[in-house]
There are 2 protein chains.
Amino acid sequence: MGMDETVAIAKALADRTRLRILMALTGGELCVCQIVEFCSLAPSTISKHLQILAGCGLISGRKDGRWVYYHLSEKDATKNVRGALKWLRSSFSDDAHSSIDMKTLEKVVAKDREALCRSQSKK
Amino acid sequence: MGMDETVAIAKALADRTRLRILMALTGGELCVCQIVEFCSLAPSTISKHLQILAGCGLISGRKDGRWVYYHLSEKDATKNVRGALKWLRSSFSDDAHSSIDMKTLEKVVAKDREALCRSQSKK
DNA sequence: TTGACAGTTCGTCATGTGGCGAATTATAGT
DNA sequence: ACTATAATTCGCCACATGACGAACTGTCAA
């Protein structure tokens with residue numbers, strides 16, 4: 001506990017891509033391939049971001065077969081993490097751009113998950 | 001407004017020195033030379049940190065003669081900044097290390113301000 | 001007006017960070 | 001067992017960041 005934890009959390013939040021991931025996860029858990037599609041970045045890049053977010057407890061992963069689903073930490077999180085997520089939620093709620101981004105997300109979620117993964121492997 | 005502001009705030013918080021400055025300022029405004037002493041870093045380094053914190057509205061400066069005093073933003077801050085500061089306050093309050101740091105700060109504040117500046121110019 | 005000095009800005013350097021593709025790991029289907 | 005594939009890890013590169021000292025700016029005192 002202490003300042004180092006706070007620095008780690010702030011570092012995790014100090015990146016646009018990671019904030020977009022967290023914002024996307026406010027709608028519920030997502031598969032890695034969905035996050036990759038949403039962010040339009042390489043799977044290796046997204047995986048690294050997810051490790052950073054999970055490393056300080058902001059998100060948690062759940063493995064289901066070949067797929068891994070990530071979700072925001074809730075009750076299980078430290079008080080510090082919960083405070084950070086609370087700030088983020090209020091920040092997103094008065095963010096005009098978020099709503100545009102959320103539409104992008106809806107399109108991704110609407111796609112069939114298997115078709116999505118197949119389309120990624122073609123690249 | 002929006003995500004860019006949130007990223008800027010998070011970047012500003014993503015550094016141990018800047019967090020220590022913010023923590024110190026929770027006790028009220030401080031002169032730059034006091035912050036320099038508290039952090040044990042070069043004035044140019046501290047100045048840069050203060051510009052970053054002020055740049056996203058977390059702190060404000062007040063010039064008084066040759067001295068500049070910085071303080072945490074309050075009512076004048078955006079909702080986003082106020083949310084971030086609220087998170088930080090709760091974070092500092094359960095930080096065991098903060099109390100040690102605050103004693104360091106007390107010693108700095110206890111020193112005569114002019115004597116402090118003189119001792120710095122000797123270096 | 002000249003000198004001293006608080007603070008900022010500038011130039012430089014070492015280190016940290018985000019991006020990608022290639023290689024690796026683990027799981028599902030044939 | 002073998003192949004395909006979701007995800008992670010590794011190695012690399014370009015760029016951002018934090019540190020310093022030197023130079024600059026503005027203000028007070030002699």
# chains A, B, ... in the order shown; residues from 1 in each chain; ligands from 1

$ select_by_dssp --residues "chain B" --states "strand (DSSP E or B)" --output "list of chain:residue names"
B:Leu30, B:Cys31, B:Ile59, B:Ser60, B:Gly61, B:Arg62, B:Lys63, B:Asp64, B:Trp67, B:Val68, B:Tyr69, B:Tyr70, B:His71, B:Leu72

$ write_last_selection --atoms "N, CA and C atoms" --output "PDB file, in the first residue's frame"
ATOM      1  N   LEU B  30       2.579  26.544  -0.786  1.00  0.00           N
ATOM      2  CA  LEU B  30       4.010  26.507  -0.499  1.00  0.00           C
ATOM      3  C   LEU B  30       4.768  27.315  -1.547  1.00  0.00           C
ATOM      4  N   CYS B  31       5.862  27.894  -1.098  1.00  0.00           N
ATOM      5  CA  CYS B  31       6.778  28.621  -1.974  1.00  0.00           C
ATOM      6  C   CYS B  31       7.606  27.598  -2.761  1.00  0.00           C
ATOM      7  N   ILE B  59      -2.971  22.553  -9.976  1.00  0.00           N
ATOM      8  CA  ILE B  59      -2.495  23.573  -9.032  1.00  0.00           C
ATOM      9  C   ILE B  59      -2.497  24.944  -9.716  1.00  0.00           C
ATOM     10  N   SER B  60      -2.399  25.980  -8.912  1.00  0.00           N
ATOM     11  CA  SER B  60      -2.286  27.339  -9.440  1.00  0.00           C
ATOM     12  C   SER B  60      -1.177  28.066  -8.708  1.00  0.00           C
ATOM     13  N   GLY B  61      -0.559  29.032  -9.384  1.00  0.00           N
ATOM     14  CA  GLY B  61       0.530  29.802  -8.790  1.00  0.00           C
ATOM     15  C   GLY B  61       0.105  31.219  -8.483  1.00  0.00           C
ATOM     16  N   ARG B  62       0.722  31.793  -7.457  1.00  0.00           N
ATOM     17  CA  ARG B  62       0.440  33.161  -7.028  1.00  0.00           C
ATOM     18  C   ARG B  62       1.789  33.823  -6.833  1.00  0.00           C
ATOM     19  N   LYS B  63       2.017  34.897  -7.562  1.00  0.00           N
ATOM     20  CA  LYS B  63       3.324  35.545  -7.471  1.00  0.00           C
ATOM     21  C   LYS B  63       3.304  36.625  -6.403  1.00  0.00           C
ATOM     22  N   ASP B  64       4.317  36.628  -5.540  1.00  0.00           N
ATOM     23  CA  ASP B  64       4.417  37.638  -4.481  1.00  0.00           C
ATOM     24  C   ASP B  64       5.869  38.101  -4.443  1.00  0.00           C
ATOM     25  N   TRP B  67       8.952  35.769  -4.971  1.00  0.00           N
ATOM     26  CA  TRP B  67       8.528  34.393  -4.687  1.00  0.00           C
ATOM     27  C   TRP B  67       7.243  34.012  -5.392  1.00  0.00           C
ATOM     28  N   VAL B  68       7.116  32.724  -5.659  1.00  0.00           N
ATOM     29  CA  VAL B  68       5.884  32.210  -6.254  1.00  0.00           C
ATOM     30  C   VAL B  68       5.342  31.118  -5.338  1.00  0.00           C
ATOM     31  N   TYR B  69       4.079  31.260  -4.984  1.00  0.00           N
ATOM     32  CA  TYR B  69       3.437  30.276  -4.114  1.00  0.00           C
ATOM     33  C   TYR B  69       2.458  29.447  -4.947  1.00  0.00           C
ATOM     34  N   TYR B  70       2.488  28.137  -4.753  1.00  0.00           N
ATOM     35  CA  TYR B  70       1.547  27.253  -5.456  1.00  0.00           C
ATOM     36  C   TYR B  70       0.573  26.637  -4.471  1.00  0.00           C
ATOM     37  N   HIS B  71      -0.636  26.414  -4.946  1.00  0.00           N
ATOM     38  CA  HIS B  71      -1.666  25.781  -4.099  1.00  0.00           C
ATOM     39  C   HIS B  71      -2.532  24.875  -4.958  1.00  0.00           C
ATOM     40  N   LEU B  72      -3.169  23.911  -4.322  1.00  0.00           N
ATOM     41  CA  LEU B  72      -4.085  23.015  -5.024  1.00  0.00           C
ATOM     42  C   LEU B  72      -5.265  23.810  -5.568  1.00  0.00           C
TER      43      LEU B  72
END

$ calpha_fit_and_write --fixed "chain B" --moving "chain A" --output "CSV table (one decimal) with N, CA and C atoms, in the first residue's frame"
chain,number,residue,atom,x,y,z
A,1,MET,N,-12.7,19.7,-23.1
A,1,MET,CA,-13.2,18.6,-22.2
A,1,MET,C,-13.0,17.2,-22.9
A,2,GLY,N,-13.1,16.2,-22.1
A,2,GLY,CA,-13.1,14.9,-22.7
A,2,GLY,C,-11.9,14.0,-22.3
A,3,MET,N,-11.7,13.0,-23.1
A,3,MET,CA,-10.7,12.0,-22.8
A,3,MET,C,-9.3,12.6,-22.7
A,4,ASP,N,-9.0,13.6,-23.6
A,4,ASP,CA,-7.6,14.2,-23.6
A,4,ASP,C,-7.3,14.8,-22.3
A,5,GLU,N,-8.3,15.5,-21.7
A,5,GLU,CA,-8.1,16.1,-20.4
A,5,GLU,C,-7.8,15.1,-19.4
A,6,THR,N,-8.5,14.0,-19.4
A,6,THR,CA,-8.3,12.9,-18.4
A,6,THR,C,-6.9,12.3,-18.6
A,7,VAL,N,-6.5,12.1,-19.8
A,7,VAL,CA,-5.1,11.6,-20.1
A,7,VAL,C,-4.1,12.6,-19.5
A,8,ALA,N,-4.3,13.8,-19.8
A,8,ALA,CA,-3.3,14.8,-19.3
A,8,ALA,C,-3.2,14.8,-17.8
A,9,ILE,N,-4.4,14.7,-17.1
A,9,ILE,CA,-4.4,14.7,-15.6
A,9,ILE,C,-3.7,13.4,-15.2
A,10,ALA,N,-4.0,12.3,-15.8
A,10,ALA,CA,-3.4,11.0,-15.3
A,10,ALA,C,-1.9,11.1,-15.5
A,11,LYS,N,-1.5,11.6,-16.7
A,11,LYS,CA,0.0,11.8,-16.9
A,11,LYS,C,0.6,12.6,-15.8
A,12,ALA,N,0.0,13.7,-15.5
A,12,ALA,CA,0.5,14.6,-14.4
A,12,ALA,C,0.6,13.8,-13.1
A,13,LEU,N,-0.3,12.9,-12.8
A,13,LEU,CA,-0.3,12.2,-11.6
A,13,LEU,C,0.7,11.0,-11.6
A,14,ALA,N,1.2,10.6,-12.8
A,14,ALA,CA,2.0,9.4,-13.0
A,14,ALA,C,3.4,9.6,-12.7
A,15,ASP,N,3.7,10.3,-11.6
A,15,ASP,CA,5.1,10.5,-11.3
A,15,ASP,C,5.2,10.7,-9.8
A,16,ARG,N,6.1,10.0,-9.1
A,16,ARG,CA,6.3,10.1,-7.7
A,16,ARG,C,6.5,11.5,-7.1
A,17,THR,N,7.4,12.2,-7.8
A,17,THR,CA,7.7,13.5,-7.3
A,17,THR,C,6.5,14.4,-7.4
A,18,ARG,N,5.8,14.4,-8.5
A,18,ARG,CA,4.6,15.2,-8.6
A,18,ARG,C,3.5,14.8,-7.6
A,19,LEU,N,3.4,13.6,-7.3
A,19,LEU,CA,2.4,13.2,-6.2
A,19,LEU,C,2.9,13.7,-4.9
A,20,ARG,N,4.2,13.7,-4.6
A,20,ARG,CA,4.7,14.2,-3.3
A,20,ARG,C,4.4,15.7,-3.2
A,21,ILE,N,4.5,16.4,-4.3
A,21,ILE,CA,4.2,17.8,-4.3
A,21,ILE,C,2.8,18.1,-4.0
A,22,LEU,N,1.9,17.3,-4.7
A,22,LEU,CA,0.5,17.5,-4.4
A,22,LEU,C,0.1,17.1,-3.0
A,23,MET,N,0.7,16.1,-2.5
A,23,MET,CA,0.5,15.7,-1.1
A,23,MET,C,0.9,16.8,-0.1
A,24,ALA,N,2.1,17.4,-0.4
A,24,ALA,CA,2.6,18.5,0.4
A,24,ALA,C,1.6,19.7,0.4
A,25,LEU,N,1.1,19.9,-0.8
A,25,LEU,CA,0.2,21.1,-1.0
A,25,LEU,C,-1.2,20.9,-0.3
A,26,THR,N,-1.5,19.7,0.1
A,26,THR,CA,-2.8,19.5,0.8
A,26,THR,C,-2.8,20.2,2.1
A,27,GLY,N,-1.5,20.5,2.6
A,27,GLY,CA,-1.4,21.3,3.9
A,27,GLY,C,-1.5,22.8,3.7
A,28,GLY,N,-1.7,23.2,2.5
A,28,GLY,CA,-1.7,24.7,2.2
A,28,GLY,C,-0.7,25.1,1.2
A,29,GLU,N,-0.7,26.3,0.8
A,29,GLU,CA,0.2,26.7,-0.3
A,29,GLU,C,1.7,26.7,0.2
A,30,LEU,N,2.6,26.5,-0.8
A,30,LEU,CA,4.0,26.5,-0.5
A,30,LEU,C,4.8,27.3,-1.6
A,31,CYS,N,5.9,27.9,-1.1
A,31,CYS,CA,6.8,28.6,-2.0
A,31,CYS,C,7.6,27.6,-2.8
A,32,VAL,N,8.0,27.9,-4.0
A,32,VAL,CA,8.8,27.0,-4.8
A,32,VAL,C,10.1,26.5,-4.1
A,33,CYS,N,10.7,27.5,-3.4
A,33,CYS,CA,12.0,27.1,-2.7
A,33,CYS,C,11.7,26.0,-1.6
A,34,GLN,N,10.5,26.1,-1.0
A,34,GLN,CA,10.2,25.1,0.0
A,34,GLN,C,9.9,23.7,-0.6
A,35,ILE,N,9.3,23.7,-1.8
A,35,ILE,CA,9.1,22.5,-2.5
A,35,ILE,C,10.4,21.9,-3.0
A,36,VAL,N,11.3,22.8,-3.4
A,36,VAL,CA,12.6,22.3,-3.8
A,36,VAL,C,13.3,21.6,-2.7
A,37,GLU,N,13.3,22.2,-1.5
A,37,GLU,CA,13.9,21.6,-0.3
A,37,GLU,C,13.2,20.3,0.1
A,38,PHE,N,11.9,20.3,0.0
A,38,PHE,CA,11.2,19.1,0.4
A,38,PHE,C,11.5,17.9,-0.5
A,39,CYS,N,11.6,18.2,-1.8
A,39,CYS,CA,11.9,17.1,-2.8
A,39,CYS,C,13.4,16.8,-3.0
A,40,SER,N,14.2,17.7,-2.6
A,40,SER,CA,15.7,17.5,-2.8
A,40,SER,C,16.0,17.3,-4.2
A,41,LEU,N,15.5,18.2,-5.1
A,41,LEU,CA,15.7,18.2,-6.5
A,41,LEU,C,16.1,19.6,-7.0
A,42,ALA,N,16.7,19.7,-8.1
A,42,ALA,CA,17.1,20.9,-8.7
A,42,ALA,C,15.9,21.8,-8.9
A,43,PRO,N,16.1,23.2,-8.7
A,43,PRO,CA,15.0,24.1,-9.0
A,43,PRO,C,14.4,24.0,-10.4
A,44,SER,N,15.2,23.7,-11.4
A,44,SER,CA,14.8,23.6,-12.8
A,44,SER,C,13.8,22.4,-12.9
A,45,THR,N,14.2,21.3,-12.2
A,45,THR,CA,13.4,20.1,-12.3
A,45,THR,C,12.0,20.4,-11.6
A,46,ILE,N,12.0,21.0,-10.5
A,46,ILE,CA,10.8,21.3,-9.7
A,46,ILE,C,9.9,22.2,-10.6
A,47,SER,N,10.5,23.2,-11.2
A,47,SER,CA,9.8,24.2,-11.9
A,47,SER,C,9.0,23.4,-13.1
A,48,LYS,N,9.7,22.5,-13.7
A,48,LYS,CA,9.1,21.8,-14.8
A,48,LYS,C,7.9,21.0,-14.3
A,49,HIS,N,8.1,20.3,-13.1
A,49,HIS,CA,7.0,19.5,-12.6
A,49,HIS,C,5.8,20.5,-12.3
A,50,LEU,N,6.1,21.6,-11.7
A,50,LEU,CA,5.0,22.6,-11.4
A,50,LEU,C,4.2,23.0,-12.6
A,51,GLN,N,5.0,23.2,-13.7
A,51,GLN,CA,4.3,23.6,-15.0
A,51,GLN,C,3.4,22.5,-15.4
A,52,ILE,N,3.8,21.3,-15.3
A,52,ILE,CA,3.0,20.1,-15.7
A,52,ILE,C,1.7,20.1,-14.9
A,53,LEU,N,1.9,20.2,-13.6
A,53,LEU,CA,0.7,20.2,-12.7
A,53,LEU,C,-0.2,21.4,-12.9
A,54,ALA,N,0.3,22.5,-13.1
A,54,ALA,CA,-0.5,23.7,-13.4
A,54,ALA,C,-1.1,23.6,-14.8
A,55,GLY,N,-0.4,23.0,-15.7
A,55,GLY,CA,-0.9,22.9,-17.1
A,55,GLY,C,-2.2,22.2,-17.2
A,56,CYS,N,-2.5,21.3,-16.4
A,56,CYS,CA,-3.8,20.6,-16.5
A,56,CYS,C,-4.7,21.0,-15.3
A,57,GLY,N,-4.4,22.1,-14.6
A,57,GLY,CA,-5.3,22.7,-13.7
A,57,GLY,C,-5.3,22.1,-12.3
A,58,LEU,N,-4.3,21.2,-12.0
A,58,LEU,CA,-4.3,20.6,-10.7
A,58,LEU,C,-3.9,21.6,-9.6
A,59,ILE,N,-3.0,22.5,-10.0
A,59,ILE,CA,-2.5,23.6,-9.0
A,59,ILE,C,-2.5,24.9,-9.7
A,60,SER,N,-2.4,26.0,-8.9
A,60,SER,CA,-2.3,27.3,-9.4
A,60,SER,C,-1.2,28.0,-8.7
A,61,GLY,N,-0.6,29.0,-9.4
A,61,GLY,CA,0.5,29.8,-8.8
A,61,GLY,C,0.1,31.2,-8.5
A,62,ARG,N,0.7,31.8,-7.4
A,62,ARG,CA,0.4,33.1,-7.0
A,62,ARG,C,1.8,33.8,-6.8
A,63,LYS,N,2.0,34.9,-7.5
A,63,LYS,CA,3.3,35.5,-7.4
A,63,LYS,C,3.3,36.6,-6.4
A,64,ASP,N,4.3,36.6,-5.5
A,64,ASP,CA,4.4,37.6,-4.5
A,64,ASP,C,5.9,38.1,-4.4
A,65,GLY,N,6.1,39.2,-5.1
A,65,GLY,CA,7.5,39.7,-5.2
A,65,GLY,C,8.4,38.7,-6.0
A,66,ARG,N,9.5,38.3,-5.4
A,66,ARG,CA,10.4,37.3,-6.1
A,66,ARG,C,9.9,35.9,-5.9
A,67,TRP,N,8.9,35.7,-5.0
A,67,TRP,CA,8.5,34.3,-4.7
A,67,TRP,C,7.2,34.0,-5.4
A,68,VAL,N,7.1,32.7,-5.7
A,68,VAL,CA,5.9,32.2,-6.3
A,68,VAL,C,5.3,31.1,-5.4
A,69,TYR,N,4.1,31.2,-5.0
A,69,TYR,CA,3.4,30.2,-4.1
A,69,TYR,C,2.5,29.4,-4.9
A,70,TYR,N,2.5,28.1,-4.7
A,70,TYR,CA,1.6,27.2,-5.5
A,70,TYR,C,0.6,26.6,-4.5
A,71,HIS,N,-0.6,26.4,-4.9
A,71,HIS,CA,-1.7,25.8,-4.1
A,71,HIS,C,-2.5,24.9,-5.0
A,72,LEU,N,-3.2,23.9,-4.3
A,72,LEU,CA,-4.1,23.0,-5.0
A,72,LEU,C,-5.3,23.8,-5.6
A,73,SER,N,-5.8,23.4,-6.7
A,73,SER,CA,-6.9,24.1,-7.3
A,73,SER,C,-8.2,23.6,-6.5
A,74,GLU,N,-9.1,24.4,-6.3
A,74,GLU,CA,-10.3,24.1,-5.5
A,74,GLU,C,-11.6,24.3,-6.3
A,75,LYS,N,-12.3,25.3,-5.9
A,75,LYS,CA,-13.6,25.6,-6.6
A,75,LYS,C,-13.4,26.0,-8.1
A,76,ASP,N,-12.3,26.6,-8.4
A,76,ASP,CA,-12.0,27.1,-9.7
A,76,ASP,C,-11.7,25.9,-10.7
A,77,ALA,N,-11.4,24.7,-10.2
A,77,ALA,CA,-11.0,23.6,-11.0
A,77,ALA,C,-12.2,23.0,-11.8
A,78,THR,N,-11.9,22.3,-12.8
A,78,THR,CA,-13.0,21.6,-13.6
A,78,THR,C,-13.4,20.4,-12.7
A,79,LYS,N,-14.6,19.9,-13.1
A,79,LYS,CA,-15.1,18.7,-12.4
A,79,LYS,C,-14.2,17.6,-12.4
A,80,ASN,N,-13.5,17.4,-13.6
A,80,ASN,CA,-12.6,16.3,-13.8
A,80,ASN,C,-11.4,16.4,-12.8
A,81,VAL,N,-10.9,17.6,-12.7
A,81,VAL,CA,-9.7,17.9,-11.8
A,81,VAL,C,-10.1,17.7,-10.4
A,82,ARG,N,-11.3,18.2,-10.0
A,82,ARG,CA,-11.8,18.0,-8.6
A,82,ARG,C,-11.9,16.5,-8.3
A,83,GLY,N,-12.4,15.7,-9.3
A,83,GLY,CA,-12.5,14.3,-9.1
A,83,GLY,C,-11.2,13.6,-8.8
A,84,ALA,N,-10.2,14.1,-9.6
A,84,ALA,CA,-8.8,13.5,-9.5
A,84,ALA,C,-8.3,13.8,-8.1
A,85,LEU,N,-8.4,15.1,-7.7
A,85,LEU,CA,-7.9,15.5,-6.4
A,85,LEU,C,-8.6,14.8,-5.2
A,86,LYS,N,-9.9,14.5,-5.4
A,86,LYS,CA,-10.7,13.8,-4.4
A,86,LYS,C,-10.1,12.4,-4.3
A,87,TRP,N,-9.8,11.7,-5.4
A,87,TRP,CA,-9.2,10.4,-5.4
A,87,TRP,C,-7.9,10.4,-4.6
A,88,LEU,N,-7.0,11.4,-5.0
A,88,LEU,CA,-5.7,11.5,-4.4
A,88,LEU,C,-5.8,11.7,-2.8
A,89,ARG,N,-6.7,12.6,-2.4
A,89,ARG,CA,-6.8,12.8,-1.0
A,89,ARG,C,-7.1,11.5,-0.2
A,90,SER,N,-8.1,10.7,-0.8
A,90,SER,CA,-8.4,9.5,-0.1
A,90,SER,C,-7.2,8.5,-0.2
A,91,SER,N,-6.5,8.6,-1.3
A,91,SER,CA,-5.3,7.7,-1.4
A,91,SER,C,-4.3,8.1,-0.4
A,92,PHE,N,-4.0,9.4,-0.2
A,92,PHE,CA,-3.0,9.8,0.7
A,92,PHE,C,-3.4,9.5,2.2
A,93,SER,N,-4.7,9.5,2.4
A,93,SER,CA,-5.2,9.3,3.8
A,93,SER,C,-4.9,7.9,4.3
A,94,ASP,N,-4.9,6.9,3.4
A,94,ASP,CA,-4.5,5.6,3.9
A,94,ASP,C,-3.1,5.2,3.5
A,95,ASP,N,-2.3,6.2,3.5
A,95,ASP,CA,-0.9,5.9,3.0
A,95,ASP,C,0.0,6.1,4.2
A,96,ALA,N,0.5,4.9,4.7
A,96,ALA,CA,1.4,4.9,5.9
A,96,ALA,C,2.7,5.8,5.6
A,97,HIS,N,3.1,5.8,4.4
A,97,HIS,CA,4.4,6.5,4.1
A,97,HIS,C,4.2,8.0,4.1
A,98,SER,N,3.0,8.4,3.8
A,98,SER,CA,2.7,9.9,3.7
A,98,SER,C,3.1,10.5,5.0
A,99,SER,N,2.7,9.9,6.1
A,99,SER,CA,2.9,10.5,7.4
A,99,SER,C,4.4,10.8,7.7
A,100,ILE,N,5.3,9.9,7.3
A,100,ILE,CA,6.7,10.1,7.4
A,100,ILE,C,7.1,11.3,6.5
A,101,ASP,N,6.6,11.3,5.3
A,101,ASP,CA,6.8,12.4,4.4
A,101,ASP,C,6.4,13.8,4.9
A,102,MET,N,5.2,13.7,5.6
A,102,MET,CA,4.7,15.0,6.1
A,102,MET,C,5.6,15.6,7.2
A,103,LYS,N,6.3,14.7,7.9
A,103,LYS,CA,7.2,15.2,8.9
A,103,LYS,C,8.4,15.9,8.3
A,104,THR,N,8.8,15.3,7.2
A,104,THR,CA,9.9,16.0,6.4
A,104,THR,C,9.4,17.4,6.0
A,105,LEU,N,8.2,17.4,5.6
A,105,LEU,CA,7.6,18.7,5.1
A,105,LEU,C,7.5,19.7,6.3
A,106,GLU,N,7.1,19.2,7.4
A,106,GLU,CA,7.0,20.1,8.6
A,106,GLU,C,8.4,20.8,8.9
A,107,LYS,N,9.4,20.0,8.8
A,107,LYS,CA,10.7,20.5,9.1
A,107,LYS,C,11.1,21.6,8.1
A,108,VAL,N,10.7,21.4,6.8
A,108,VAL,CA,11.0,22.4,5.8
A,108,VAL,C,10.2,23.7,6.1
A,109,VAL,N,9.0,23.5,6.4
A,109,VAL,CA,8.1,24.7,6.7
A,109,VAL,C,8.6,25.5,7.9
A,110,ALA,N,9.1,24.7,8.9
A,110,ALA,CA,9.6,25.3,10.1
A,110,ALA,C,10.8,26.2,9.9
A,111,LYS,N,11.6,25.9,8.9
A,111,LYS,CA,12.7,26.8,8.6
A,111,LYS,C,12.3,28.2,8.2
A,112,ASP,N,13.2,29.1,8.5
A,112,ASP,CA,12.9,30.5,8.0
A,112,ASP,C,13.1,30.5,6.5
A,113,ARG,N,12.1,31.1,5.8
A,113,ARG,CA,12.1,31.0,4.4
A,113,ARG,C,13.3,31.6,3.7
A,114,GLU,N,13.7,32.7,4.2
A,114,GLU,CA,14.9,33.4,3.6
A,114,GLU,C,16.2,32.6,3.8
A,115,ALA,N,16.3,32.1,5.1
A,115,ALA,CA,17.5,31.3,5.4
A,115,ALA,C,17.5,30.1,4.4
A,116,LEU,N,16.3,29.5,4.1
A,116,LEU,CA,16.2,28.4,3.2
A,116,LEU,C,16.7,28.7,1.8
A,117,CYS,N,16.3,29.8,1.3
A,117,CYS,CA,16.7,30.2,0.0
A,117,CYS,C,18.2,30.5,-0.1
A,118,ARG,N,18.7,31.1,1.0
A,118,ARG,CA,20.2,31.4,1.1
A,118,ARG,C,21.0,30.1,1.0
A,119,SER,N,20.5,29.1,1.8
A,119,SER,CA,21.2,27.8,1.9
A,119,SER,C,21.2,27.1,0.5
A,120,GLN,N,20.2,27.4,-0.3
A,120,GLN,CA,20.1,26.7,-1.6
A,120,GLN,C,21.1,27.4,-2.5
A,121,SER,N,21.2,28.7,-2.4
A,121,SER,CA,22.1,29.4,-3.4
A,121,SER,C,23.6,29.0,-3.1
A,122,LYS,N,23.9,28.6,-2.0
A,122,LYS,CA,25.3,28.2,-1.7
A,122,LYS,C,25.7,26.9,-2.4
A,123,LYS,N,24.7,26.1,-2.8
A,123,LYS,CA,25.1,24.8,-3.4
A,123,LYS,C,25.7,25.0,-4.8

$ interface_residues --of "chain D" --to "chain A" --cutoff "9 Å" --atoms "only C-alpha atoms (C1' of nucleotides)" --output "list in words"
DT5, DA6, DA7, DT8 and DT9 of chain D

$ write_last_selection --atoms "all heavy atoms" --output "short mmCIF file (atom, residue, chain, number, x, y, z; two decimals), in the first residue's frame"
data_model
loop_
_atom_site.label_atom_id
_atom_site.label_comp_id
_atom_site.auth_asym_id
_atom_site.auth_seq_id
_atom_site.Cartn_x
_atom_site.Cartn_y
_atom_site.Cartn_z
P DT D 5 -7.17 -21.12 -38.31
OP1 DT D 5 -8.49 -20.80 -38.88
OP2 DT D 5 -5.93 -20.68 -38.97
"O5'" DT D 5 -7.12 -20.64 -36.79
"C5'" DT D 5 -8.12 -21.06 -35.88
"C4'" DT D 5 -7.78 -20.54 -34.50
"O4'" DT D 5 -6.70 -21.29 -33.92
"C3'" DT D 5 -7.30 -19.08 -34.50
"O3'" DT D 5 -7.74 -18.45 -33.30
"C2'" DT D 5 -5.80 -19.23 -34.43
"C1'" DT D 5 -5.75 -20.38 -33.42
N1 DT D 5 -4.45 -21.03 -33.27
C2 DT D 5 -4.15 -21.55 -32.03
O2 DT D 5 -4.91 -21.51 -31.08
N3 DT D 5 -2.90 -22.13 -31.95
C4 DT D 5 -1.97 -22.23 -32.96
O4 DT D 5 -0.89 -22.77 -32.78
C5 DT D 5 -2.36 -21.66 -34.23
C7 DT D 5 -1.42 -21.70 -35.40
C6 DT D 5 -3.56 -21.10 -34.31
P DA D 6 -8.63 -17.18 -33.35
OP1 DA D 6 -10.02 -17.51 -33.75
OP2 DA D 6 -7.84 -16.20 -34.15
"O5'" DA D 6 -8.66 -16.69 -31.84
"C5'" DA D 6 -9.33 -17.49 -30.86
"C4'" DA D 6 -8.71 -17.19 -29.51
"O4'" DA D 6 -7.45 -17.89 -29.39
"C3'" DA D 6 -8.40 -15.73 -29.25
"O3'" DA D 6 -8.78 -15.41 -27.91
"C2'" DA D 6 -6.90 -15.61 -29.45
"C1'" DA D 6 -6.40 -17.00 -29.09
N9 DA D 6 -5.24 -17.43 -29.87
C8 DA D 6 -5.05 -17.29 -31.22
N7 DA D 6 -3.90 -17.78 -31.64
C5 DA D 6 -3.32 -18.29 -30.50
C6 DA D 6 -2.10 -18.95 -30.27
N6 DA D 6 -1.21 -19.22 -31.25
N1 DA D 6 -1.81 -19.31 -29.01
C2 DA D 6 -2.70 -19.04 -28.04
N3 DA D 6 -3.87 -18.44 -28.13
C4 DA D 6 -4.13 -18.08 -29.40
P DA D 7 -8.61 -13.92 -27.36
OP1 DA D 7 -9.59 -13.75 -26.27
OP2 DA D 7 -8.63 -12.99 -28.52
"O5'" DA D 7 -7.15 -13.91 -26.74
"C5'" DA D 7 -6.88 -14.74 -25.61
"C4'" DA D 7 -5.40 -14.77 -25.33
"O4'" DA D 7 -4.70 -15.31 -26.46
"C3'" DA D 7 -4.74 -13.42 -25.06
"O3'" DA D 7 -4.52 -13.31 -23.67
"C2'" DA D 7 -3.43 -13.46 -25.86
"C1'" DA D 7 -3.35 -14.89 -26.35
N9 DA D 7 -2.73 -15.06 -27.65
C8 DA D 7 -3.18 -14.61 -28.86
N7 DA D 7 -2.40 -14.91 -29.86
C5 DA D 7 -1.36 -15.60 -29.27
C6 DA D 7 -0.19 -16.20 -29.82
N6 DA D 7 0.12 -16.18 -31.11
N1 DA D 7 0.65 -16.81 -28.94
C2 DA D 7 0.33 -16.82 -27.64
N3 DA D 7 -0.73 -16.31 -27.02
C4 DA D 7 -1.54 -15.71 -27.90
P DT D 8 -3.71 -12.11 -23.05
OP1 DT D 8 -4.13 -11.99 -21.65
OP2 DT D 8 -3.81 -10.96 -23.97
"O5'" DT D 8 -2.20 -12.63 -23.07
"C5'" DT D 8 -1.88 -13.88 -22.48
"C4'" DT D 8 -0.41 -14.20 -22.69
"O4'" DT D 8 -0.14 -14.38 -24.09
"C3'" DT D 8 0.55 -13.12 -22.21
"O3'" DT D 8 1.48 -13.72 -21.31
"C2'" DT D 8 1.23 -12.62 -23.48
"C1'" DT D 8 1.12 -13.82 -24.39
N1 DT D 8 1.10 -13.53 -25.84
C2 DT D 8 2.10 -14.03 -26.64
O2 DT D 8 3.02 -14.69 -26.20
N3 DT D 8 1.98 -13.73 -27.97
C4 DT D 8 0.98 -12.99 -28.58
O4 DT D 8 0.98 -12.79 -29.79
C5 DT D 8 -0.04 -12.50 -27.69
C7 DT D 8 -1.17 -11.69 -28.23
C6 DT D 8 0.07 -12.79 -26.39
P DT D 9 2.55 -12.82 -20.54
OP1 DT D 9 2.73 -13.40 -19.20
OP2 DT D 9 2.15 -11.41 -20.69
"O5'" DT D 9 3.89 -13.04 -21.37
"C5'" DT D 9 4.37 -14.36 -21.60
"C4'" DT D 9 5.60 -14.32 -22.50
"O4'" DT D 9 5.21 -13.99 -23.86
"C3'" DT D 9 6.66 -13.28 -22.11
"O3'" DT D 9 7.94 -13.90 -22.16
"C2'" DT D 9 6.52 -12.20 -23.17
"C1'" DT D 9 6.09 -13.01 -24.36
N1 DT D 9 5.32 -12.29 -25.42
C2 DT D 9 5.71 -12.43 -26.73
O2 DT D 9 6.66 -13.11 -27.06
N3 DT D 9 4.93 -11.75 -27.62
C4 DT D 9 3.83 -10.95 -27.35
O4 DT D 9 3.21 -10.41 -28.25
C5 DT D 9 3.48 -10.85 -25.97
C7 DT D 9 2.31 -10.01 -25.55
C6 DT D 9 4.23 -11.51 -25.08
#
